[in-house]
>>> print(open('target.tsv').read())   # TSV, C-alpha atoms and all ligand atoms
chain	number	residue	atom	x	y	z
A	1	MET	CA	-78.62	50.94	-21.08
A	2	SER	CA	-79.78	48.23	-18.74
A	3	ASP	CA	-80.36	47.90	-15.00
A	4	GLY	CA	-77.85	45.91	-13.05
A	5	LEU	CA	-74.11	45.86	-13.47
A	6	LYS	CA	-72.06	46.99	-16.43
A	7	MET	CA	-69.35	44.37	-16.87
A	8	VAL	CA	-66.44	44.31	-19.27
A	9	VAL	CA	-64.73	41.01	-19.96
A	10	LEU	CA	-61.37	41.02	-21.70
A	11	LEU	CA	-60.83	38.21	-24.18
A	12	LYS	CA	-57.67	37.55	-26.14
A	13	GLN	CA	-57.28	35.52	-29.30
A	14	VAL	CA	-54.21	33.28	-29.04
A	15	PRO	CA	-52.50	30.78	-31.34
A	16	ASP	CA	-53.80	27.24	-30.88
A	17	THR	CA	-50.53	25.51	-30.05
A	18	SER	CA	-52.23	22.10	-29.97
A	19	SER	CA	-52.40	22.46	-33.76
A	20	LYS	CA	-49.18	22.14	-35.75
A	21	ALA	CA	-50.32	24.90	-38.14
A	22	GLY	CA	-48.02	27.88	-37.95
A	23	VAL	CA	-45.55	26.32	-35.50
A	24	ASN	CA	-42.05	26.71	-36.91
A	25	PRO	CA	-39.47	23.92	-36.51
A	26	ASP	CA	-37.65	25.97	-33.85
A	27	GLY	CA	-40.85	26.12	-31.77
A	28	THR	CA	-41.65	29.78	-32.50
A	29	VAL	CA	-45.17	30.61	-33.68
A	30	ASP	CA	-45.98	32.27	-36.98
A	31	ARG	CA	-49.05	34.17	-35.78
A	32	ALA	CA	-50.35	34.76	-39.29
A	33	ARG	CA	-50.40	31.04	-40.18
A	34	ALA	CA	-51.31	29.65	-36.77
A	35	LYS	CA	-54.81	28.38	-36.03
A	36	LYS	CA	-56.43	30.74	-33.54
A	37	MET	CA	-58.66	30.28	-30.53
A	38	LEU	CA	-60.03	32.12	-27.53
A	39	ASN	CA	-57.44	32.10	-24.73
A	40	PRO	CA	-58.61	29.15	-22.58
A	41	PHE	CA	-58.11	31.12	-19.34
A	42	ASP	CA	-60.50	33.82	-20.57
A	43	LYS	CA	-63.37	31.35	-20.70
A	44	TYR	CA	-63.45	31.39	-16.88
A	45	ALA	CA	-63.63	35.20	-16.91
A	46	LEU	CA	-66.52	35.15	-19.38
A	47	GLN	CA	-68.35	32.53	-17.33
A	48	LYS	CA	-67.97	34.60	-14.16
A	49	ALA	CA	-69.39	37.71	-15.85
A	50	LEU	CA	-72.31	35.71	-17.24
A	51	GLU	CA	-73.00	34.22	-13.80
A	52	VAL	CA	-73.09	37.69	-12.21
A	53	LYS	CA	-75.43	38.89	-14.96
A	54	ARG	CA	-77.70	35.94	-14.33
A	55	ALA	CA	-77.72	36.65	-10.58
A	56	VAL	CA	-78.21	40.42	-10.48
A	57	GLY	CA	-78.81	41.52	-14.07
A	58	GLY	CA	-76.83	43.88	-16.21
A	59	GLU	CA	-74.78	43.67	-19.37
A	60	VAL	CA	-71.66	41.80	-20.38
A	61	ILE	CA	-69.42	43.62	-22.84
A	62	ALA	CA	-66.68	41.53	-24.45
A	63	VAL	CA	-63.55	43.42	-25.50
A	64	THR	CA	-60.57	42.23	-27.49
A	65	MET	CA	-57.48	43.93	-28.86
A	66	GLY	CA	-55.92	42.29	-31.87
A	67	PRO	CA	-55.85	42.13	-35.65
A	68	PRO	CA	-59.22	42.10	-37.51
A	69	PRO	CA	-59.63	38.26	-37.39
A	70	ALA	CA	-59.70	38.52	-33.57
A	71	ILE	CA	-63.34	39.55	-34.04
A	72	SER	CA	-64.18	35.84	-33.96
A	73	VAL	CA	-63.62	35.72	-30.18
A	74	LEU	CA	-66.29	38.40	-29.89
A	75	SER	CA	-68.83	36.53	-32.01
A	76	ASP	CA	-68.06	33.49	-29.87
A	77	ALA	CA	-68.67	35.57	-26.75
A	78	LEU	CA	-72.06	36.68	-28.11
A	79	GLU	CA	-72.97	33.05	-28.71
A	80	TYR	CA	-72.09	32.28	-25.10
A	81	GLY	CA	-74.32	35.11	-23.89
A	82	ALA	CA	-72.35	38.38	-23.94
A	83	ASP	CA	-74.50	41.37	-24.94
A	84	THR	CA	-72.09	43.37	-27.06
A	85	GLY	CA	-68.47	43.39	-28.18
A	86	TYR	CA	-65.71	45.86	-28.97
A	87	LEU	CA	-62.79	45.05	-31.26
A	88	LEU	CA	-59.82	47.36	-30.73
A	89	THR	CA	-57.72	47.02	-33.83
A	90	ASP	CA	-55.09	49.30	-35.31
A	91	ARG	CA	-51.81	48.66	-37.13
A	92	ARG	CA	-50.13	51.09	-34.76
A	93	LEU	CA	-50.69	48.57	-31.94
A	94	ALA	CA	-48.32	46.03	-33.52
A	95	ALA	CA	-45.35	45.09	-31.32
A	96	SER	CA	-47.09	46.28	-28.16
A	97	ASP	CA	-45.72	44.82	-24.92
A	98	THR	CA	-47.88	44.39	-21.83
A	99	LEU	CA	-47.41	47.99	-20.73
A	100	SER	CA	-48.77	49.40	-23.97
A	101	THR	CA	-51.42	46.65	-24.31
A	102	ALA	CA	-52.73	47.53	-20.86
A	103	PHE	CA	-52.58	51.23	-21.72
A	104	ALA	CA	-54.67	50.74	-24.87
A	105	LEU	CA	-57.15	48.41	-23.17
A	106	HIS	CA	-57.69	50.77	-20.22
A	107	LYS	CA	-58.47	53.56	-22.69
A	108	ALA	CA	-60.92	51.23	-24.45
A	109	ILE	CA	-62.67	50.63	-21.11
A	110	ILE	CA	-62.86	54.38	-20.45
A	111	TYR	CA	-64.32	54.78	-23.95
A	112	ILE	CA	-66.99	52.18	-23.13
A	113	GLY	CA	-68.04	54.25	-20.15
A	114	SER	CA	-67.14	55.75	-16.80
A	115	ASP	CA	-69.95	53.65	-15.31
A	116	VAL	CA	-68.27	50.26	-15.74
A	117	ASP	CA	-68.77	48.33	-12.49
A	118	MET	CA	-66.58	45.31	-13.07
A	119	VAL	CA	-63.77	44.32	-15.37
A	120	PHE	CA	-63.02	40.60	-15.67
A	121	THR	CA	-59.85	39.17	-17.14
A	122	GLY	CA	-58.37	35.72	-17.39
A	123	LEU	CA	-55.49	34.81	-15.15
A	124	GLN	CA	-52.96	34.77	-17.97
A	125	THR	CA	-52.70	33.87	-21.63
A	126	THR	CA	-51.32	30.74	-23.23
A	127	ASP	CA	-49.00	32.75	-25.49
A	128	GLY	CA	-47.63	35.82	-23.68
A	129	ASP	CA	-48.28	34.14	-20.33
A	130	THR	CA	-47.26	37.13	-18.22
A	131	ALA	CA	-50.47	37.62	-16.15
A	132	GLN	CA	-49.55	41.32	-16.10
A	133	THR	CA	-52.27	42.81	-18.26
A	134	GLY	CA	-55.15	42.66	-15.75
A	135	PRO	CA	-53.24	44.20	-12.82
A	136	GLN	CA	-51.74	46.90	-15.08
A	137	ILE	CA	-55.21	47.87	-16.34
A	138	ALA	CA	-56.49	48.06	-12.75
A	139	GLU	CA	-53.65	50.43	-11.88
A	140	ARG	CA	-54.39	52.59	-14.91
A	141	LEU	CA	-58.11	52.71	-14.09
A	142	ASP	CA	-57.34	53.28	-10.41
A	143	MET	CA	-59.60	50.34	-9.60
A	144	PRO	CA	-59.03	47.84	-6.79
A	145	GLN	CA	-57.86	44.52	-8.24
A	146	ILE	CA	-58.73	41.08	-6.98
A	147	THR	CA	-56.57	38.37	-8.53
A	148	TYR	CA	-57.07	34.59	-8.58
A	149	CYS	CA	-60.82	34.80	-7.93
A	150	ASP	CA	-62.58	31.45	-8.13
A	151	ARG	CA	-65.91	32.24	-6.51
A	152	LEU	CA	-67.96	35.41	-6.62
A	153	GLU	CA	-71.34	36.30	-5.23
A	154	MET	CA	-73.05	39.67	-5.16
A	155	LYS	CA	-74.58	40.85	-1.88
A	156	ASP	CA	-76.00	44.31	-1.15
A	157	GLY	CA	-74.10	45.81	-4.07
A	158	LYS	CA	-70.78	44.37	-2.91
A	159	ALA	CA	-68.88	41.43	-4.33
A	160	LEU	CA	-68.07	38.55	-2.00
A	161	VAL	CA	-65.00	37.05	-3.58
A	162	ARG	CA	-63.04	33.93	-2.82
A	163	ARG	CA	-59.39	34.08	-3.90
A	164	VAL	CA	-57.15	31.09	-4.34
A	165	VAL	CA	-53.99	31.58	-2.30
A	166	GLU	CA	-51.14	29.22	-1.56
A	167	GLY	CA	-52.42	26.48	0.71
A	168	GLY	CA	-55.99	27.76	0.94
A	169	HIS	CA	-58.46	30.51	0.19
A	170	GLN	CA	-59.01	34.12	1.11
A	171	ASP	CA	-62.50	35.59	1.39
A	172	LEU	CA	-62.96	39.27	0.62
A	173	GLU	CA	-65.88	41.67	0.50
A	174	ILE	CA	-65.23	44.38	-2.04
A	175	PRO	CA	-67.09	47.48	-3.14
A	176	LEU	CA	-67.37	48.18	-6.86
A	177	PRO	CA	-65.96	49.17	-9.28
A	178	ALA	CA	-63.25	46.51	-9.30
A	179	LEU	CA	-61.13	44.50	-11.66
A	180	ILE	CA	-61.13	40.76	-11.12
A	181	THR	CA	-58.78	38.19	-12.63
A	182	VAL	CA	-60.44	34.80	-12.63
A	183	ALA	CA	-58.58	31.61	-11.70
A	184	ASN	CA	-58.85	28.46	-13.76
A	185	SER	CA	-60.26	26.63	-10.75
A	186	ALA	CA	-63.47	28.68	-11.19
A	187	THR	CA	-66.57	27.32	-12.93
A	188	PRO	CA	-65.85	26.22	-16.50
A	189	LEU	CA	-67.65	28.04	-19.31
A	190	GLU	CA	-71.07	26.57	-20.00
A	191	PRO	CA	-71.98	25.56	-23.57
A	192	LYS	CA	-73.04	28.27	-26.02
A	193	ARG	CA	-76.67	29.16	-25.41
A	194	PHE	CA	-77.23	31.54	-28.28
A	195	ALA	CA	-75.26	29.97	-31.12
A	196	ALA	CA	-78.38	28.75	-32.90
A	197	VAL	CA	-80.08	32.14	-32.58
A	198	TYR	CA	-77.15	33.92	-34.25
A	199	LYS	CA	-76.62	31.25	-36.89
A	200	VAL	CA	-80.29	31.29	-37.89
A	201	ARG	CA	-80.32	35.08	-38.09
A	202	GLU	CA	-77.16	35.04	-40.23
A	203	LEU	CA	-78.73	32.55	-42.61
A	204	SER	CA	-81.97	34.49	-42.87
A	205	ARG	CA	-82.59	37.88	-44.43
A	206	ASP	CA	-81.60	39.33	-41.07
A	207	LYS	CA	-77.89	39.19	-41.89
A	208	GLY	CA	-75.43	41.12	-39.75
A	209	ALA	CA	-76.63	39.71	-36.44
A	210	TYR	CA	-73.09	39.77	-35.10
A	211	ASP	CA	-72.13	43.06	-36.76
A	212	GLU	CA	-74.90	44.99	-35.11
A	213	LYS	CA	-73.62	43.95	-31.69
A	214	ILE	CA	-69.90	44.41	-32.31
A	215	LYS	CA	-68.24	47.79	-32.66
A	216	THR	CA	-64.76	48.16	-34.15
A	217	VAL	CA	-62.64	50.98	-32.79
A	218	ASN	CA	-59.13	52.27	-33.47
A	219	LEU	CA	-56.63	54.34	-31.49
A	220	ASP	CA	-58.15	57.64	-32.60
A	221	ASP	CA	-61.63	56.57	-31.47
A	222	ILE	CA	-60.43	55.76	-27.97
A	223	ASP	CA	-58.15	58.80	-27.76
A	224	VAL	CA	-54.80	57.04	-27.52
A	225	ASP	CA	-51.58	58.81	-28.40
A	226	PRO	CA	-49.85	56.35	-30.80
A	227	ALA	CA	-46.54	57.16	-29.10
A	228	LYS	CA	-47.82	55.26	-26.06
A	229	THR	CA	-48.52	52.05	-27.96
A	230	GLY	CA	-46.85	49.71	-30.42
A	231	LEU	CA	-43.08	49.62	-30.59
A	232	ALA	CA	-42.75	53.25	-29.51
A	233	GLY	CA	-44.68	52.68	-26.30
A	234	SER	CA	-43.11	49.32	-25.41
A	235	PRO	CA	-40.02	49.46	-23.19
A	236	THR	CA	-39.70	45.64	-23.02
A	237	VAL	CA	-36.79	44.25	-25.01
A	238	VAL	CA	-36.72	40.55	-25.84
A	239	GLY	CA	-33.00	39.77	-25.71
A	240	LYS	CA	-33.11	36.23	-26.99
A	241	THR	CA	-35.47	33.28	-27.34
A	242	TRP	CA	-34.45	29.65	-27.58
A	243	LYS	CA	-35.98	26.22	-27.46
A	244	MET	CA	-35.27	24.33	-24.26
A	245	GLY	CA	-33.54	21.04	-24.96
A	246	ASP	CA	-34.20	17.84	-23.10
A	247	ILE	CA	-32.66	18.39	-19.67
A	248	GLY	CA	-32.50	14.62	-19.07
A	249	GLY	CA	-31.76	13.06	-15.68
A	250	THR	CA	-33.80	10.68	-13.59
A	251	CYS	CA	-36.48	11.45	-11.10
A	252	VAL	CA	-36.57	9.69	-7.74
A	253	MET	CA	-39.70	10.09	-5.64
A	254	PHE	CA	-39.57	9.83	-1.86
A	255	GLN	CA	-43.12	9.32	-0.73
A	256	GLY	CA	-45.47	7.33	1.38
A	257	GLY	CA	-44.13	8.45	4.74
A	258	ALA	CA	-44.20	11.46	7.03
A	259	PRO	CA	-42.54	14.55	5.47
A	260	GLU	CA	-39.68	14.33	8.02
A	261	HIS	CA	-39.00	10.76	6.93
A	262	GLU	CA	-39.03	11.72	3.24
A	263	VAL	CA	-36.55	14.53	3.93
A	264	GLU	CA	-34.29	12.07	5.79
A	265	GLN	CA	-34.38	9.74	2.79
A	266	LEU	CA	-33.53	12.60	0.44
A	267	VAL	CA	-30.60	13.75	2.59
A	268	GLU	CA	-29.31	10.19	2.85
A	269	ARG	CA	-29.51	9.76	-0.90
A	270	LEU	CA	-27.74	13.05	-1.61
A	271	THR	CA	-24.96	12.42	0.88
A	272	THR	CA	-24.26	8.77	0.04
A	273	ASP	CA	-24.56	8.74	-3.75
A	274	GLU	CA	-21.12	8.03	-5.16
A	275	ARG	CA	-21.50	10.74	-7.84
A	276	GLY	CA	-21.27	13.35	-5.12
A	277	ILE	CA	-23.71	16.12	-4.26
A	278	GLU	CA	-22.24	18.61	-6.75
A	279	GLU	CA	-23.11	16.42	-9.71
A	280	LEU	CA	-26.49	15.36	-8.30
A	281	ILE	CA	-27.89	18.86	-7.91
A	282	GLN	CA	-26.68	20.12	-11.28
A	301	LIG	C1	-41.48	43.38	-26.98
A	301	LIG	C2	-42.80	42.72	-27.21
A	301	LIG	C3	-43.40	42.82	-28.46
A	301	LIG	C4	-44.63	42.21	-28.70
A	301	LIG	N1	-45.19	42.32	-29.92
A	301	LIG	C5	-46.37	41.74	-30.16
A	301	LIG	C6	-46.99	41.83	-31.45
A	301	LIG	O1	-46.45	42.45	-32.37
A	301	LIG	N2	-48.20	41.21	-31.64
A	301	LIG	C7	-48.81	40.52	-30.61
A	301	LIG	O2	-49.90	39.96	-30.81
A	301	LIG	N3	-48.25	40.43	-29.38
A	301	LIG	C8	-47.06	41.02	-29.15
A	301	LIG	N4	-46.49	40.91	-27.93
A	301	LIG	C9	-47.22	40.20	-26.89
A	301	LIG	C10	-48.16	41.18	-26.21
A	301	LIG	O3	-47.45	42.15	-25.55
A	301	LIG	C11	-48.95	40.42	-25.19
A	301	LIG	O4	-49.65	39.41	-25.85
A	301	LIG	C12	-49.96	41.30	-24.48
A	301	LIG	O5	-49.32	42.36	-23.84
A	301	LIG	C13	-50.74	40.56	-23.43
A	301	LIG	O6	-49.84	39.97	-22.54
A	301	LIG	P1	-50.02	38.47	-22.19
A	301	LIG	O7	-50.27	37.71	-23.45
A	301	LIG	O8	-48.88	38.06	-21.33
A	301	LIG	O9	-51.37	38.48	-21.38
A	301	LIG	P2	-51.61	38.25	-19.82
A	301	LIG	O10	-51.18	39.43	-19.06
A	301	LIG	O11	-51.09	36.92	-19.42
A	301	LIG	O12	-53.20	38.22	-19.92
A	301	LIG	C14	-54.04	38.37	-18.77
A	301	LIG	C15	-55.44	38.66	-19.27
A	301	LIG	O13	-55.50	39.96	-19.84
A	301	LIG	C16	-56.45	39.96	-20.91
A	301	LIG	N5	-55.77	40.30	-22.17
A	301	LIG	C17	-54.45	40.23	-22.47
A	301	LIG	N6	-54.23	40.64	-23.72
A	301	LIG	C18	-55.42	40.98	-24.24
A	301	LIG	C19	-55.87	41.45	-25.52
A	301	LIG	N7	-55.02	41.67	-26.51
A	301	LIG	N8	-57.19	41.69	-25.69
A	301	LIG	C20	-58.07	41.48	-24.69
A	301	LIG	N9	-57.72	41.01	-23.48
A	301	LIG	C21	-56.42	40.76	-23.25
A	301	LIG	C22	-57.05	38.56	-20.98
A	301	LIG	O14	-58.22	38.53	-20.19
A	301	LIG	C23	-55.95	37.71	-20.34
A	301	LIG	O15	-56.40	36.51	-19.78
A	301	LIG	C24	-45.26	41.49	-27.66
A	301	LIG	C25	-44.67	41.41	-26.41
A	301	LIG	C26	-43.46	42.00	-26.18
A	301	LIG	C27	-42.83	41.84	-24.82
>>> encode(input="target.tsv", output="structure tokens")
Amino acid sequence: MSDGLKMVVLLKQVPDTSSKAGVNPDGTVDRARAKKMLNPFDKYALQKALEVKRAVGGEVIAVTMGPPPAISVLSDALEYGADTGYLLTDRRLAASDTLSTAFALHKAIIYIGSDVDMVFTGLQTTDGDTAQTGPQIAERLDMPQITYCDRLEMKDGKALVRRVVEGGHQDLEIPLPALITVANSATPLEPKRFAAVYKVRELSRDKGAYDEKIKTVNLDDIDVDPAKTGLAGSPTVVGKTWKMGDIGGTCVMFQGGAPEHEVEQLVERLTTDERGIEELIQ
């Protein structure tokens, strides 16, 4: 136990689509063969938790749900400065949609403790890309949720949060506990501060430096009914996936003038082009 805030940060391991490994010719990803990485959006969430820890003290607990190799995002998190990690892994989680992922992760947070003050998530992932998991977990935990946070300061036990909204910002003062999804306009993750410490300990007789900080749990540990996860607990049906072809066409920019003038130019172009408006807007 430590003084200060108890913060959980949710980190997901995703396929590295910048690498060709595991990408099938039709564009689908073979998750087993793909190179893996920490979801880039989650780096902002980790940074925010580490900043709060630096400002007011406390502990940062990294949590991931995934197959056993996903543990590497937790060792990474330790090297960045997280205090401990939890890997939720269980074959019965396979084929989970966002509803059942959020269900399992909210139970993992309850397992970590009823005294969690803040849960940080990324905005979205680079694979599933739904941005649903954070808000669904907040609902399950009955915690207020603040999405698109890019600045956060603690004052008198409350969080002063700046949210990115269309055309500007929104400032909020929120009591804790709360779940916060962090925007990618927030501070980028600083370099790993503790990598050398862990590497040296691993190379020395003091092996298991990561293991002693990371706990692996399954559905039974966190008291999840398997019927609520995996295929059984996932109402989402993926009807069809396909690779988008080249949609072609040309792009004409109207710029450099007042918006009214640009709109006039656009209307003129659409109404005078000999192909006719029907074909132009196809
Ligand atoms: C029908 C269906 C079947 C699926 N089957 C599988 C499958 O078999 N295997 C599989 O890997 N995926 C599967 N998925 C994808 C899986 O449901 C999503 O990856 C997962 O629900 C998270 O959603 P997302 O990627 O859109 O995350 P988002 O909602 O975009 O993520 C928002 C944030 O939530 C947090 N987060 C999300 N997921 C995790 C996680 N696992 N651990 C920790 N933090 C997390 C991160 O902080 C992230 O930035 C399936 C999806 C569907 C619809």
>>> residues_around(input="target.tsv", residues="A:Arg91", least_positions_apart="6", cutoff="12 Å", atoms="all atoms listed in the file", output="list of chain:residue names")
A:Met65, A:Gly66, A:Pro67, A:Pro68, A:Val217, A:Asn218, A:Leu219, A:Asp220, A:Pro226, A:Thr229, A:Gly230, A:Leu231
>>> closest_residue(input="target.tsv", among="A:Val197, A:Asp156, A:Glu274, A:Val8", to="A:Gly113", atoms="only C-alpha atoms")
A:Val8
>>> residues_near_point(input="target.tsv", point="(-65.5, 48.6, -18.7)", cutoff="10 Å", atoms="all atoms listed in the file", output="ChimeraX atom specification")
/A:6-10,60-63,105-120,141,177-179
>>> residues_near_ligand(input="target.tsv", ligand="ligand LIG 301 (chain A)", cutoff="6 Å", atoms="only C-alpha atoms and all ligand atoms", output="number ranges by chain")
A: 10-12, 41-42, 63-66, 94-98, 101, 121-125, 127-134, 236-238
>>> atom_distance(input="target.tsv", atom1="atom CA of A:Cys149", atom2="atom CA of A:Leu38")
19.8 Å
>>> closest_residue(input="target.tsv", among="A:Pro15, A:Gly167, A:Asp225, A:Ala77", to="A:Val29", atoms="all atoms listed in the file")
A:Pro15
>>> residues_around(input="target.tsv", residues="stretch 250-258 of chain A", least_positions_apart="4", cutoff="12 Å", atoms="only C-alpha atoms", output="PyMOL selection string")
chain A and resi 246+262-270+280-281
>>> closest_residue(input="target.tsv", among="A:Gly249, A:Val52, A:Trp242, A:Ala138", to="A:Leu160", atoms="all atoms listed in the file")
A:Val52
>>> closest_atom_pairs(input="target.tsv", of="stretch 59-175 of chain A", to="stretch 206-216 of chain A", cutoff="10 Å", atoms="all atoms listed in the file", output="CSV")
residue,atom,partner,partner_atom,distance
A:Ile61,CA,A:Ile214,CA,9.5
A:Ala62,CA,A:Ile214,CA,9.0
A:Val63,CA,A:Ile214,CA,9.4
A:Thr64,CA,A:Thr216,CA,9.9
A:Met65,CA,A:Thr216,CA,9.9
A:Pro68,CA,A:Thr216,CA,8.9
A:Ile71,CA,A:Ile214,CA,8.3
A:Ser72,CA,A:Tyr210,CA,9.8
A:Leu74,CA,A:Ile214,CA,7.4
A:Ser75,CA,A:Tyr210,CA,6.2
A:Asp76,CA,A:Tyr210,CA,9.6
A:Leu78,CA,A:Tyr210,CA,7.7
A:Glu79,CA,A:Tyr210,CA,9.3
A:Ala82,CA,A:Lys213,CA,9.6
A:Asp83,CA,A:Lys213,CA,7.3
A:Thr84,CA,A:Lys213,CA,4.9
A:Gly85,CA,A:Ile214,CA,4.5
A:Tyr86,CA,A:Lys215,CA,4.9
A:Leu87,CA,A:Thr216,CA,4.7
A:Leu88,CA,A:Thr216,CA,6.1
A:Thr89,CA,A:Thr216,CA,7.1
A:Asp90,CA,A:Thr216,CA,9.8
>>> residues_around(input="target.tsv", residues="A:Lys48", least_positions_apart="6", cutoff="9 Å", atoms="only C-alpha atoms", output="list of chain:residue names")
A:Phe120, A:Asp150, A:Arg151, A:Leu152, A:Val182, A:Ala186, A:Thr187, A:Pro188, A:Leu189
>>> residues_near_point(input="target.tsv", point="(-38.3, 27.0, -31.4)", cutoff="12 Å", atoms="only C-alpha atoms", output="PyMOL selection string")
chain A and resi 22-30+240-245
>>> closest_residue(input="target.tsv", among="A:Ala45, A:Ala183, A:Leu5, A:Ala104", to="A:Glu59", atoms="only C-alpha atoms")
A:Leu5
>>> closest_residue(input="target.tsv", among="A:Lys192, A:Thr126, A:Leu50, A:Pro175", to="A:Gln145", atoms="only C-alpha atoms")
A:Pro175
>>> atom_distance(input="target.tsv", atom1="atom CA of A:Ala70", atom2="atom CA of A:Ala34")
12.6 Å
>>> atom_distance(input="target.tsv", atom1="atom CA of A:Thr17", atom2="atom CA of A:Pro69")
17.3 Å
>>> build_atoms(input="target.tsv", residues="stretch 45-60 of chain A", atoms="N, CA and C atoms", output="compact mmCIF listing (two decimals), in the coordinates of the input")
# COMPACT_ATOMS: atom_id res chain seq x y z
N ALA A 45 -63.24 33.80 -17.15
CA ALA A 45 -63.63 35.20 -16.91
C ALA A 45 -65.01 35.46 -17.51
N LEU A 46 -65.22 34.95 -18.72
CA LEU A 46 -66.52 35.15 -19.38
C LEU A 46 -67.63 34.47 -18.57
N GLN A 47 -67.36 33.25 -18.12
CA GLN A 47 -68.35 32.53 -17.33
C GLN A 47 -68.72 33.32 -16.07
N LYS A 48 -67.70 33.87 -15.40
CA LYS A 48 -67.97 34.60 -14.16
C LYS A 48 -68.86 35.82 -14.44
N ALA A 49 -68.57 36.53 -15.52
CA ALA A 49 -69.39 37.71 -15.85
C ALA A 49 -70.82 37.27 -16.16
N LEU A 50 -70.97 36.18 -16.90
CA LEU A 50 -72.31 35.71 -17.24
C LEU A 50 -73.08 35.25 -16.00
N GLU A 51 -72.35 34.65 -15.05
CA GLU A 51 -73.00 34.22 -13.80
C GLU A 51 -73.51 35.44 -13.01
N VAL A 52 -72.68 36.49 -12.96
CA VAL A 52 -73.09 37.69 -12.21
C VAL A 52 -74.31 38.31 -12.90
N LYS A 53 -74.28 38.33 -14.23
CA LYS A 53 -75.43 38.89 -14.96
C LYS A 53 -76.70 38.09 -14.64
N ARG A 54 -76.53 36.78 -14.62
CA ARG A 54 -77.70 35.94 -14.33
C ARG A 54 -78.22 36.21 -12.91
N ALA A 55 -77.31 36.46 -11.98
CA ALA A 55 -77.72 36.65 -10.58
C ALA A 55 -78.33 38.02 -10.32
N VAL A 56 -77.73 39.07 -10.86
CA VAL A 56 -78.21 40.42 -10.48
C VAL A 56 -78.59 41.29 -11.67
N GLY A 57 -78.45 40.74 -12.88
CA GLY A 57 -78.81 41.52 -14.07
C GLY A 57 -77.68 42.42 -14.51
N GLY A 58 -77.85 42.98 -15.69
CA GLY A 58 -76.83 43.88 -16.21
C GLY A 58 -76.41 43.48 -17.60
N GLU A 59 -75.25 43.98 -18.01
CA GLU A 59 -74.78 43.67 -19.37
C GLU A 59 -73.33 43.22 -19.34
N VAL A 60 -73.03 42.32 -20.26
CA VAL A 60 -71.66 41.80 -20.38
C VAL A 60 -71.11 42.28 -21.72
